[in-house]
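One file, run25.cif, carrying mmCIF, C-alpha atoms and all ligand atoms:
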```
data_start
#
loop_
_atom_site.label_atom_id
_atom_site.label_comp_id
_atom_site.auth_asym_id
_atom_site.auth_seq_id
_atom_site.Cartn_x
_atom_site.Cartn_y
_atom_site.Cartn_z
CA MET V 1 -115.99 56.61 -88.28
CA LYS V 2 -114.31 56.79 -91.62
CA SER V 3 -114.56 60.18 -93.18
CA LEU V 4 -115.63 60.93 -96.69
CA SER V 5 -112.50 61.92 -98.56
CA ILE V 6 -114.40 63.81 -101.20
CA ILE V 7 -117.22 66.25 -100.65
CA LEU V 8 -119.58 65.38 -103.44
CA VAL V 9 -121.40 68.39 -104.74
CA SER V 10 -123.69 66.58 -107.11
CA PHE V 11 -125.89 63.53 -106.77
CA VAL V 12 -127.02 61.19 -109.47
CA PHE V 13 -130.78 61.43 -109.20
CA LEU V 14 -132.33 58.16 -108.12
CA HIS V 15 -135.67 58.19 -109.70
CA CYS V 16 -135.37 56.14 -112.83
CA GLY V 17 -136.19 52.57 -113.77
CA HIS V 18 -138.95 50.38 -112.41
CA ALA V 19 -140.23 50.11 -108.88
CA SER V 20 -139.44 47.14 -106.71
CA GLN V 21 -142.62 45.55 -105.42
CA PRO V 22 -142.98 44.82 -101.70
CA PRO V 23 -142.85 41.15 -100.77
CA THR V 24 -146.29 40.11 -99.61
CA THR V 25 -145.14 36.60 -98.74
CA ILE V 26 -141.88 35.13 -97.52
CA ASP V 27 -141.44 33.17 -100.74
CA GLU V 28 -141.94 36.21 -102.86
CA ALA V 29 -139.46 38.18 -100.78
CA ALA V 30 -136.91 35.38 -100.84
CA ALA V 31 -137.21 35.20 -104.59
CA GLY V 32 -135.04 38.31 -104.72
CA PRO V 33 -135.10 41.40 -106.89
CA THR V 34 -137.40 41.75 -109.82
CA LYS V 35 -134.79 43.43 -111.97
CA ALA V 36 -131.04 43.62 -112.33
CA GLU V 37 -129.16 45.58 -109.71
CA PRO V 38 -128.41 49.03 -111.10
CA LYS V 39 -124.87 50.20 -111.62
CA THR V 40 -123.98 52.61 -108.82
CA ALA V 41 -120.18 52.55 -108.84
CA THR V 42 -119.66 56.28 -108.54
CA LYS V 43 -122.67 57.23 -106.50
CA THR V 44 -122.84 58.75 -103.05
CA TRP V 45 -126.02 57.93 -101.14
CA ARG V 46 -127.74 59.96 -98.46
CA PHE V 47 -130.30 58.58 -96.06
CA ALA V 48 -131.98 59.73 -92.86
CA ILE V 49 -132.99 57.88 -89.72
CA ILE V 50 -136.03 58.95 -87.73
CA SER V 51 -137.35 57.53 -84.48
CA ASP V 52 -139.96 57.73 -81.75
CA LEU V 53 -142.38 60.09 -83.47
CA ASN V 54 -145.42 59.33 -81.33
CA SER V 55 -147.10 61.25 -78.53
CA SER V 56 -149.74 60.12 -75.99
CA TYR V 57 -151.55 56.75 -76.28
CA GLY V 58 -153.92 56.64 -79.23
CA SER V 59 -152.82 60.03 -80.52
CA LYS V 60 -153.73 60.89 -84.12
CA THR V 61 -151.76 64.10 -84.30
CA TYR V 62 -148.03 64.77 -84.60
CA ASN V 63 -146.10 67.63 -83.08
CA SER V 64 -144.40 70.44 -84.97
CA ALA V 65 -140.96 68.80 -84.65
CA VAL V 66 -142.19 65.81 -86.66
CA LYS V 67 -143.73 68.02 -89.34
CA SER V 68 -140.66 70.22 -89.50
CA ALA V 69 -138.33 67.22 -89.89
CA VAL V 70 -140.54 65.76 -92.62
CA SER V 71 -140.42 69.07 -94.49
CA TYR V 72 -136.59 68.94 -94.43
CA LEU V 73 -136.46 65.31 -95.50
CA ALA V 74 -138.95 65.80 -98.35
CA ASP V 75 -137.17 68.89 -99.66
CA ALA V 76 -135.40 67.95 -102.90
CA ASN V 77 -132.58 70.38 -102.04
CA ASN V 78 -131.55 68.08 -99.19
CA LYS V 79 -131.15 65.13 -101.56
CA ILE V 80 -132.39 62.39 -99.22
CA ASP V 81 -132.50 59.11 -101.12
CA PHE V 82 -134.34 57.02 -98.52
CA ILE V 83 -135.26 56.95 -94.85
CA LEU V 84 -135.11 54.35 -92.08
CA SER V 85 -137.33 54.36 -89.02
CA THR V 86 -136.31 52.79 -85.72
CA GLY V 87 -139.89 52.56 -84.54
CA ASP V 88 -142.58 53.97 -82.27
CA MET V 89 -144.33 55.69 -85.14
CA VAL V 90 -147.76 55.40 -83.50
CA ALA V 91 -148.74 55.27 -79.82
CA GLY V 92 -150.25 51.83 -79.37
CA GLN V 93 -149.41 49.07 -76.86
CA LYS V 94 -152.81 49.59 -75.33
CA LYS V 95 -156.17 47.87 -75.89
CA ASN V 96 -159.07 49.24 -77.89
CA LEU V 97 -157.37 52.11 -79.65
CA ASP V 98 -158.29 53.26 -83.15
CA TYR V 99 -155.29 51.57 -84.78
CA LEU V 100 -156.51 52.22 -88.32
CA GLY V 101 -156.95 55.91 -87.55
CA MET V 102 -153.55 56.12 -85.87
CA TRP V 103 -151.74 54.63 -88.86
CA GLU V 104 -153.74 56.80 -91.24
CA ALA V 105 -152.53 59.83 -89.26
CA PHE V 106 -148.91 58.64 -89.40
CA HIS V 107 -148.94 57.87 -93.10
CA SER V 108 -150.65 61.12 -94.04
CA THR V 109 -148.22 63.15 -91.89
CA VAL V 110 -145.02 61.28 -92.73
CA THR V 111 -145.02 58.38 -95.20
CA ARG V 112 -147.06 59.97 -97.99
CA LYS V 113 -145.28 63.33 -97.74
CA LEU V 114 -142.11 61.40 -98.53
CA LEU V 115 -143.65 59.11 -101.13
CA GLU V 116 -144.92 62.17 -103.01
CA LYS V 117 -141.25 63.04 -103.49
CA GLU V 118 -140.41 59.41 -104.29
CA ILE V 119 -138.50 58.93 -101.05
CA PRO V 120 -139.14 55.48 -99.57
CA LEU V 121 -139.42 54.94 -95.82
CA PHE V 122 -138.15 51.58 -94.55
CA PRO V 123 -139.76 50.86 -91.17
CA SER V 124 -138.75 48.72 -88.24
CA PRO V 125 -141.35 48.25 -85.53
CA GLY V 126 -141.31 49.73 -82.02
CA ASN V 127 -143.05 48.45 -78.91
CA HIS V 128 -145.84 51.00 -79.45
CA ASP V 129 -146.30 49.92 -83.10
CA ALA V 130 -146.26 46.14 -82.96
CA HIS V 131 -145.05 44.68 -79.67
CA LEU V 132 -144.11 41.01 -79.92
CA THR V 133 -147.00 40.03 -77.62
CA ARG V 134 -149.77 42.09 -79.28
CA LYS V 135 -151.13 40.21 -82.28
CA ILE V 136 -153.84 42.72 -83.17
CA GLU V 137 -151.38 45.60 -83.28
CA ARG V 138 -148.89 43.50 -85.26
CA ASP V 139 -151.60 42.70 -87.81
CA HIS V 140 -152.42 46.38 -88.16
CA TYR V 141 -148.74 47.23 -88.53
CA ARG V 142 -148.22 44.64 -91.26
CA ASN V 143 -151.38 45.48 -93.18
CA SER V 144 -150.81 49.19 -92.96
CA TRP V 145 -147.27 49.05 -94.38
CA LEU V 146 -148.11 46.54 -97.09
CA GLN V 147 -151.00 48.72 -98.15
CA GLU V 148 -148.97 51.93 -98.02
CA ASN V 149 -146.28 50.22 -100.09
CA PRO V 150 -143.29 52.56 -99.58
CA LEU V 151 -141.19 50.16 -101.65
CA SER V 152 -143.10 51.26 -104.75
CA VAL V 153 -140.66 54.16 -105.06
CA ALA V 154 -137.57 52.26 -103.89
CA LYS V 155 -135.87 51.98 -107.25
CA HIS V 156 -132.44 50.83 -106.19
CA ILE V 157 -133.07 48.23 -103.53
CA ARG V 158 -132.03 44.63 -103.92
CA TRP V 159 -133.40 41.99 -101.52
CA VAL V 160 -130.79 39.75 -99.94
CA GLU V 161 -131.31 36.39 -101.55
CA GLY V 162 -131.55 33.00 -99.88
CA VAL V 163 -132.81 34.29 -96.53
CA GLU V 164 -136.32 34.65 -95.16
CA GLN V 165 -137.73 38.14 -95.66
CA ASP V 166 -140.60 39.44 -93.57
CA PHE V 167 -141.20 43.08 -94.54
CA PRO V 168 -142.14 45.24 -92.63
CA PHE V 169 -140.76 43.36 -89.59
CA GLN V 170 -137.42 41.66 -90.23
CA TYR V 171 -135.80 42.00 -93.62
CA ALA V 172 -132.50 42.64 -95.34
CA LEU V 173 -131.71 44.58 -98.49
CA THR V 174 -128.85 46.34 -100.15
CA ILE V 175 -128.65 49.81 -101.65
CA GLY V 176 -125.48 50.43 -103.57
CA ASN V 177 -122.69 48.68 -101.70
CA ALA V 178 -124.36 48.92 -98.29
CA LEU V 179 -126.37 46.28 -96.46
CA PHE V 180 -129.41 47.33 -94.41
CA VAL V 181 -130.90 44.90 -91.92
CA ALA V 182 -134.20 45.73 -90.18
CA LEU V 183 -134.96 43.86 -86.97
CA ASP V 184 -138.26 42.88 -85.38
CA ASN V 185 -136.94 44.19 -82.08
CA THR V 186 -139.87 45.42 -80.00
CA ALA V 187 -139.32 43.79 -76.61
CA VAL V 188 -136.90 43.93 -73.69
CA ARG V 189 -135.66 40.41 -74.20
CA ASN V 190 -132.74 38.57 -75.76
CA TRP V 191 -133.16 37.88 -79.47
CA SER V 192 -134.11 34.30 -80.29
CA ASP V 193 -131.60 31.81 -81.63
CA ASN V 194 -133.56 31.93 -84.91
CA THR V 195 -132.90 35.65 -85.18
CA LEU V 196 -129.18 35.17 -84.52
CA VAL V 197 -128.99 32.39 -87.13
CA TRP V 198 -130.88 34.59 -89.62
CA LEU V 199 -128.48 37.49 -88.97
CA GLU V 200 -125.48 35.23 -89.48
CA LYS V 201 -126.91 34.02 -92.80
CA VAL V 202 -127.57 37.58 -93.98
CA PHE V 203 -124.07 38.77 -93.03
CA THR V 204 -122.44 35.73 -94.63
CA GLN V 205 -124.47 36.14 -97.79
CA GLU V 206 -123.48 39.81 -98.09
CA SER V 207 -119.94 39.58 -96.74
CA GLN V 208 -118.58 41.56 -99.67
CA ARG V 209 -120.60 44.70 -98.83
CA SER V 210 -118.44 47.63 -97.83
CA LEU V 211 -120.95 48.85 -95.25
CA LYS V 212 -123.34 47.02 -92.95
CA PHE V 213 -126.06 48.83 -91.05
CA VAL V 214 -128.46 47.10 -88.64
CA TYR V 215 -131.48 48.94 -87.25
CA GLY V 216 -134.18 48.09 -84.74
CA HIS V 217 -136.07 49.64 -81.87
CA VAL V 218 -134.77 48.47 -78.48
CA PRO V 219 -131.06 49.14 -77.78
CA LEU V 220 -128.63 46.31 -77.08
CA LEU V 221 -127.51 48.18 -73.95
CA PRO V 222 -129.17 51.19 -72.32
CA PHE V 223 -128.55 54.86 -73.03
CA ALA V 224 -131.28 56.77 -71.20
CA PHE V 225 -131.88 57.91 -67.64
CA LYS V 226 -134.99 56.12 -66.30
CA LYS V 227 -134.76 53.53 -69.09
CA GLU V 228 -131.71 51.79 -67.64
CA THR V 229 -133.46 48.42 -67.52
CA GLU V 230 -134.94 48.52 -71.03
CA TYR V 231 -132.37 46.86 -73.26
CA VAL V 232 -132.09 43.68 -75.30
CA ALA V 233 -129.08 42.16 -73.49
CA ARG V 234 -130.80 42.36 -70.11
CA GLY V 235 -130.06 39.36 -67.94
CA SER V 236 -127.45 37.62 -70.06
CA ALA V 237 -123.76 38.30 -70.51
CA ALA V 238 -123.63 35.25 -72.79
CA PHE V 239 -126.20 36.81 -75.13
CA LEU V 240 -124.40 40.15 -75.13
CA ASN V 241 -121.10 38.46 -76.00
CA LYS V 242 -122.77 36.44 -78.74
CA VAL V 243 -124.24 39.55 -80.40
CA GLU V 244 -121.07 41.60 -80.09
CA ASP V 245 -118.97 38.73 -81.44
CA LEU V 246 -121.40 38.30 -84.36
CA PHE V 247 -121.31 42.00 -85.22
CA GLU V 248 -117.52 42.15 -84.95
CA ALA V 249 -116.95 38.97 -86.95
CA HIS V 250 -118.95 40.43 -89.83
CA LYS V 251 -117.72 44.01 -89.40
CA VAL V 252 -121.16 45.48 -88.80
CA ASP V 253 -120.61 49.23 -88.93
CA VAL V 254 -123.56 50.47 -86.90
CA PHE V 255 -126.46 49.15 -84.87
CA PHE V 256 -129.01 52.01 -84.80
CA SER V 257 -131.63 51.79 -82.06
CA GLY V 258 -134.58 53.90 -80.94
CA HIS V 259 -136.69 53.69 -77.79
CA SER V 260 -134.24 55.66 -75.61
CA HIS V 261 -135.35 59.15 -76.72
CA VAL V 262 -131.74 60.37 -76.56
CA TYR V 263 -128.93 60.68 -79.07
CA TYR V 264 -125.59 59.08 -78.36
CA PRO V 265 -122.87 57.94 -80.82
CA GLY V 266 -121.41 55.07 -78.79
CA ARG V 267 -118.83 52.38 -79.35
CA ARG V 268 -117.64 49.40 -77.32
CA ASP V 269 -113.90 49.54 -78.11
CA GLN V 270 -114.34 47.50 -81.28
CA HIS V 271 -115.50 48.16 -84.85
CA THR V 272 -119.28 48.33 -84.42
CA GLN V 273 -120.85 51.58 -83.33
CA TYR V 274 -124.02 51.69 -81.25
CA ILE V 275 -125.92 54.82 -82.13
CA SER V 276 -129.03 55.80 -80.23
CA VAL V 277 -131.30 57.67 -82.65
CA PRO V 278 -132.87 60.85 -81.21
CA LEU V 279 -136.62 61.22 -80.93
CA LEU V 280 -138.94 63.43 -82.97
CA GLY V 281 -142.06 62.97 -80.85
CA SER V 282 -142.74 63.68 -77.20
CA GLY V 283 -140.88 62.40 -74.11
CA SER V 284 -137.33 63.68 -74.53
CA ARG V 285 -134.89 62.14 -72.01
CA TYR V 286 -131.46 62.53 -70.42
CA LEU V 287 -128.47 60.28 -70.95
CA ILE V 288 -127.68 57.88 -68.11
CA GLY V 289 -125.71 59.64 -65.41
CA THR V 290 -126.60 63.12 -66.62
CA GLY V 291 -130.20 63.50 -65.46
CA SER V 292 -130.86 67.05 -64.26
CA VAL V 293 -127.22 67.95 -65.08
CA ASN V 294 -127.33 68.07 -68.86
CA GLU V 295 -130.19 69.18 -71.05
CA ARG V 296 -132.70 66.68 -72.33
CA SER V 297 -131.88 65.31 -75.77
CA PRO V 298 -133.38 67.65 -78.39
CA GLN V 299 -135.90 66.46 -80.97
CA ALA V 300 -133.70 65.67 -83.93
CA PHE V 301 -132.92 63.28 -86.77
CA LEU V 302 -129.82 61.77 -88.37
CA VAL V 303 -128.59 62.08 -91.94
CA ILE V 304 -125.91 59.70 -93.20
CA GLU V 305 -123.95 59.91 -96.41
CA TYR V 306 -121.96 56.97 -97.77
CA ASP V 307 -120.12 56.00 -100.89
CA GLU V 308 -119.43 52.75 -102.67
CA GLN V 309 -115.98 52.41 -101.09
CA GLY V 310 -117.39 52.26 -97.57
CA HIS V 311 -116.75 55.81 -96.41
CA TRP V 312 -119.56 57.33 -94.41
CA GLN V 313 -120.35 60.30 -92.22
CA LEU V 314 -123.21 61.29 -89.98
CA GLN V 315 -125.05 64.53 -89.31
CA HIS V 316 -127.25 65.05 -86.27
CA ARG V 317 -129.76 67.83 -87.01
CA GLN V 318 -132.31 69.57 -84.85
CA ALA V 319 -135.87 68.92 -86.02
CA ARG V 320 -136.73 72.61 -85.85
CA GLY V 321 -134.30 74.96 -87.54
CA PHE V 322 -132.16 72.02 -88.73
CA ASN V 323 -129.02 73.17 -86.92
CA LEU V 324 -126.23 70.62 -86.72
CA ILE V 325 -125.48 69.27 -83.25
CA LEU V 326 -121.85 68.20 -82.86
CA ASP V 327 -120.85 64.94 -81.16
CA GLU V 328 -118.32 66.93 -79.11
CA SER V 329 -121.20 68.39 -77.12
CA PHE V 330 -122.02 64.93 -75.71
CA PRO V 331 -120.29 63.19 -72.78
CA THR V 332 -117.11 61.27 -73.62
CA THR V 333 -118.52 58.14 -71.99
CA ILE V 334 -121.77 56.73 -70.69
CA GLN V 335 -121.06 55.63 -67.15
CA ILE V 336 -123.39 53.71 -64.88
CA PRO V 337 -123.56 55.41 -61.48
CA ALA V 338 -122.18 53.17 -58.72
CA GLN V 339 -124.74 53.92 -56.04
CA ASN V 340 -128.49 54.21 -55.95
CA SER V 341 -128.95 57.89 -56.49
CA SER V 342 -131.10 60.47 -58.12
CA LEU V 343 -129.07 59.84 -61.30
CA CYS V 344 -130.11 56.20 -61.56
CA LYS V 345 -132.17 54.33 -58.99
CA SER V 346 -131.47 50.82 -60.30
CA CYS V 347 -127.89 51.27 -61.44
CA SER V 348 -126.14 49.66 -58.49
CA LYS V 349 -127.57 46.36 -59.73
CA PHE V 350 -126.38 46.83 -63.31
CA PRO V 351 -124.30 43.77 -64.32
CA GLN V 352 -120.53 44.24 -64.21
CA SER V 353 -120.28 41.81 -67.13
CA HIS V 354 -121.92 44.34 -69.48
CA MET V 355 -119.45 47.14 -68.82
CA LEU V 356 -116.42 48.01 -70.90
CA ASP V 357 -114.53 49.09 -67.83
CA PRO V 358 -115.98 47.69 -64.59
CA GLN V 359 -113.77 49.94 -62.42
CA GLN V 360 -115.10 53.12 -63.97
CA ARG V 361 -118.45 51.49 -64.84
CA ILE V 362 -118.18 52.59 -68.49
CA LEU V 363 -120.82 51.27 -70.87
CA TYR V 364 -119.97 53.18 -74.05
CA ARG V 365 -117.33 55.60 -75.24
CA ARG V 366 -118.13 58.34 -77.70
CA GLN V 367 -117.35 57.01 -81.16
CA ASP V 368 -114.72 59.62 -82.00
CA LEU V 369 -112.55 58.91 -78.93
FE FE V 401 -140.26 52.40 -77.52
#
```

Take the structure I supplied and represent it as structure tokens, if you would.
Amino acid sequence: MKSLSIILVSFVFLHCGHASQPPTTIDEAAAGPTKAEPKTATKTWRFAIISDLNSSYGSKTYNSAVKSAVSYLADANNKIDFILSTGDMVAGQKKNLDYLGMWEAFHSTVTRKLLEKEIPLFPSPGNHDAHLTRKIERDHYRNSWLQENPLSVAKHIRWVEGVEQDFPFQYALTIGNALFVALDNTAVRNWSDNTLVWLEKVFTQESQRSLKFVYGHVPLLPFAFKKETEYVARGSAAFLNKVEDLFEAHKVDVFFSGHSHVYYPGRRDQHTQYISVPLLGSGSRYLIGTGSVNERSPQAFLVIEYDEQGHWQLQHRQARGFNLILDESFPTTIQIPAQNSSLCKSCSKFPQSHMLDPQQRILYRRQDL
């Protein structure tokens, strides 16, 4: 990670100018921004990433960690410009739930608390929000976000032009000199060729951006104990290589994923970092290989600050009390156990082709090492 060379003590306040309208159709989205891109040459931006806020199926309440985190993020003293979500905001993926009521509960607990402070929330769907195979839940997800319209307070976004935009599923925008790409990434399956072509177009179009952040729900490779088989590159070394080559070729800085319910700042010995975003809701987990040895990942959120030159830094804060959690307190690598064991029942079958170091069965190294 590059480090910010200057600690900026003041922020240019964002809230001026006209609101960008959400694209309600692909054509409208592809038509690009409705106003000129603002000048942001000297600005430092600060955004947060939240993930996995839900509780039991159909739940219409949120735990105190979620409410506490929202209070921090909405507090003007913390100068959060915007927020990304890596999914699982409601607890669907089950028939006959009160989807309208669930989304109402989420928006009243989270989205509107932020909108009141003019902080937009940019969602990406999780499997419990809008799984690829669940049309009814996907319709609710789309309608709910279009109606809530968090982009109404997103004053400084610019839609990437010349590519299909499908807010709130898969879309690409820039804020300052950084590119943000949200993925419709709700299933344990390789991304389609269409998605890979779309990503390539977005990266090519915005090749001059000093920072590139991709975010979506399911991780490319696993992080969590008992979720070792739930990852996008499952079953295909060719797909994994294709994605890693694409990210490296375009110098993608981070792929943020949710779903794992653990925090880990990983890298794969190249430029791109793979950061697993911690959960705020229920179901905290262990990292692979550490089950019952380490503590479960605490409920937490991430705050990232970046400048126009491409420097950025990350804070990992506890949801209650807001204490910083240092990366040094996490294992130096994620290693897949060699044998079936209490640390990972399915790990002996994990593909050698996906490991950084097949001898030591290393999947990720900590980003600072
Ligand atoms: Fe999930």

Given only C-alpha atoms as the counted atoms, nearest of V:Leu287, V:Val110, V:Asp129, V:Ala338 to Tyr72 (chain V):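 Using only C-alpha atoms, the shortest distance to Tyr72 (chain V) belongs to V:Val110.
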
Give me, please, the distance in Å between CA of Asn127 (chain V) and CA of Glu305 (chain V), quoted to one decimal.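 Between CA of Asn127 (chain V) and CA of Glu305 (chain V) the gap is 28.3 Å.
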
Excluding Trp145 (chain V) and any residue of its chain fewer than 5 positions from it, enumerate the residues within 10 Å of it, using all atoms listed in the file, and give them as an NGL selection string. :V and (22 or 103 or 107 or 111 or 121-123 or 140 or 150-151 or 167-169)

If you keep C-alpha atoms, can you produce a file of those selected residues as an mmCIF file, keeping the file's coordinate frame?
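Printed below is selection-v8.cif as written:
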```cif
data_model
loop_
_atom_site.group_PDB
_atom_site.id
_atom_site.type_symbol
_atom_site.label_atom_id
_atom_site.label_comp_id
_atom_site.auth_asym_id
_atom_site.auth_seq_id
_atom_site.Cartn_x
_atom_site.Cartn_y
_atom_site.Cartn_z
ATOM 1 C CA PRO V 22 -142.980 44.820 -101.700
ATOM 2 C CA TRP V 103 -151.740 54.630 -88.860
ATOM 3 C CA HIS V 107 -148.940 57.870 -93.100
ATOM 4 C CA THR V 111 -145.020 58.380 -95.200
ATOM 5 C CA LEU V 121 -139.420 54.940 -95.820
ATOM 6 C CA PHE V 122 -138.150 51.580 -94.550
ATOM 7 C CA PRO V 123 -139.760 50.860 -91.170
ATOM 8 C CA HIS V 140 -152.420 46.380 -88.160
ATOM 9 C CA PRO V 150 -143.290 52.560 -99.580
ATOM 10 C CA LEU V 151 -141.190 50.160 -101.650
ATOM 11 C CA PHE V 167 -141.200 43.080 -94.540
ATOM 12 C CA PRO V 168 -142.140 45.240 -92.630
ATOM 13 C CA PHE V 169 -140.760 43.360 -89.590
#
```

Point-to-point distance in Å for CA of Arg267 (chain V) and CA of Trp45 (chain V):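 CA of Trp45 (chain V) sits 23.6 Å away from CA of Arg267 (chain V).
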
Select the residues contacting ligand FE 401 (chain V) at a distance of at most 10 Å, based on all atoms listed in the file, then format the selection as number ranges by chain. V: 51-54, 86-89, 91, 93, 125-129, 131, 185-188, 217-219, 230, 257-261

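Minimum atom-to-atom distance to Gln205 (chain V), evaluated using only C-alpha atoms, belongs to V:Gly162 out of V:Pro298, V:Pro351, V:Gly162, V:Gly92.
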
To one decimal in Å, tell me the separation between CA of Ile288 (chain V) and CA of Phe180 (chain V). 28.4 Å

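Distance annotation: of V:Val90, V:Lys155, V:Arg138, V:Ser353, the residue with the minimal separation from Glu118 (chain V) is V:Lys155; atom set is only C-alpha atoms.
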
Top pick for closest residue to His156 (chain V), considering V:Lys95, V:Lys43, V:Arg268, V:Arg320 and counting all atoms listed in the file: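 Closest to His156 (chain V) of all the choices is V:Lys43.
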
Looking at only C-alpha atoms, which of V:Leu356, V:Ala238, V:Leu97, V:Val252 is the one that sits closest to Gly310 (chain V)?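 Ranked by minimum distance to Gly310 (chain V), first place goes to V:Val252.
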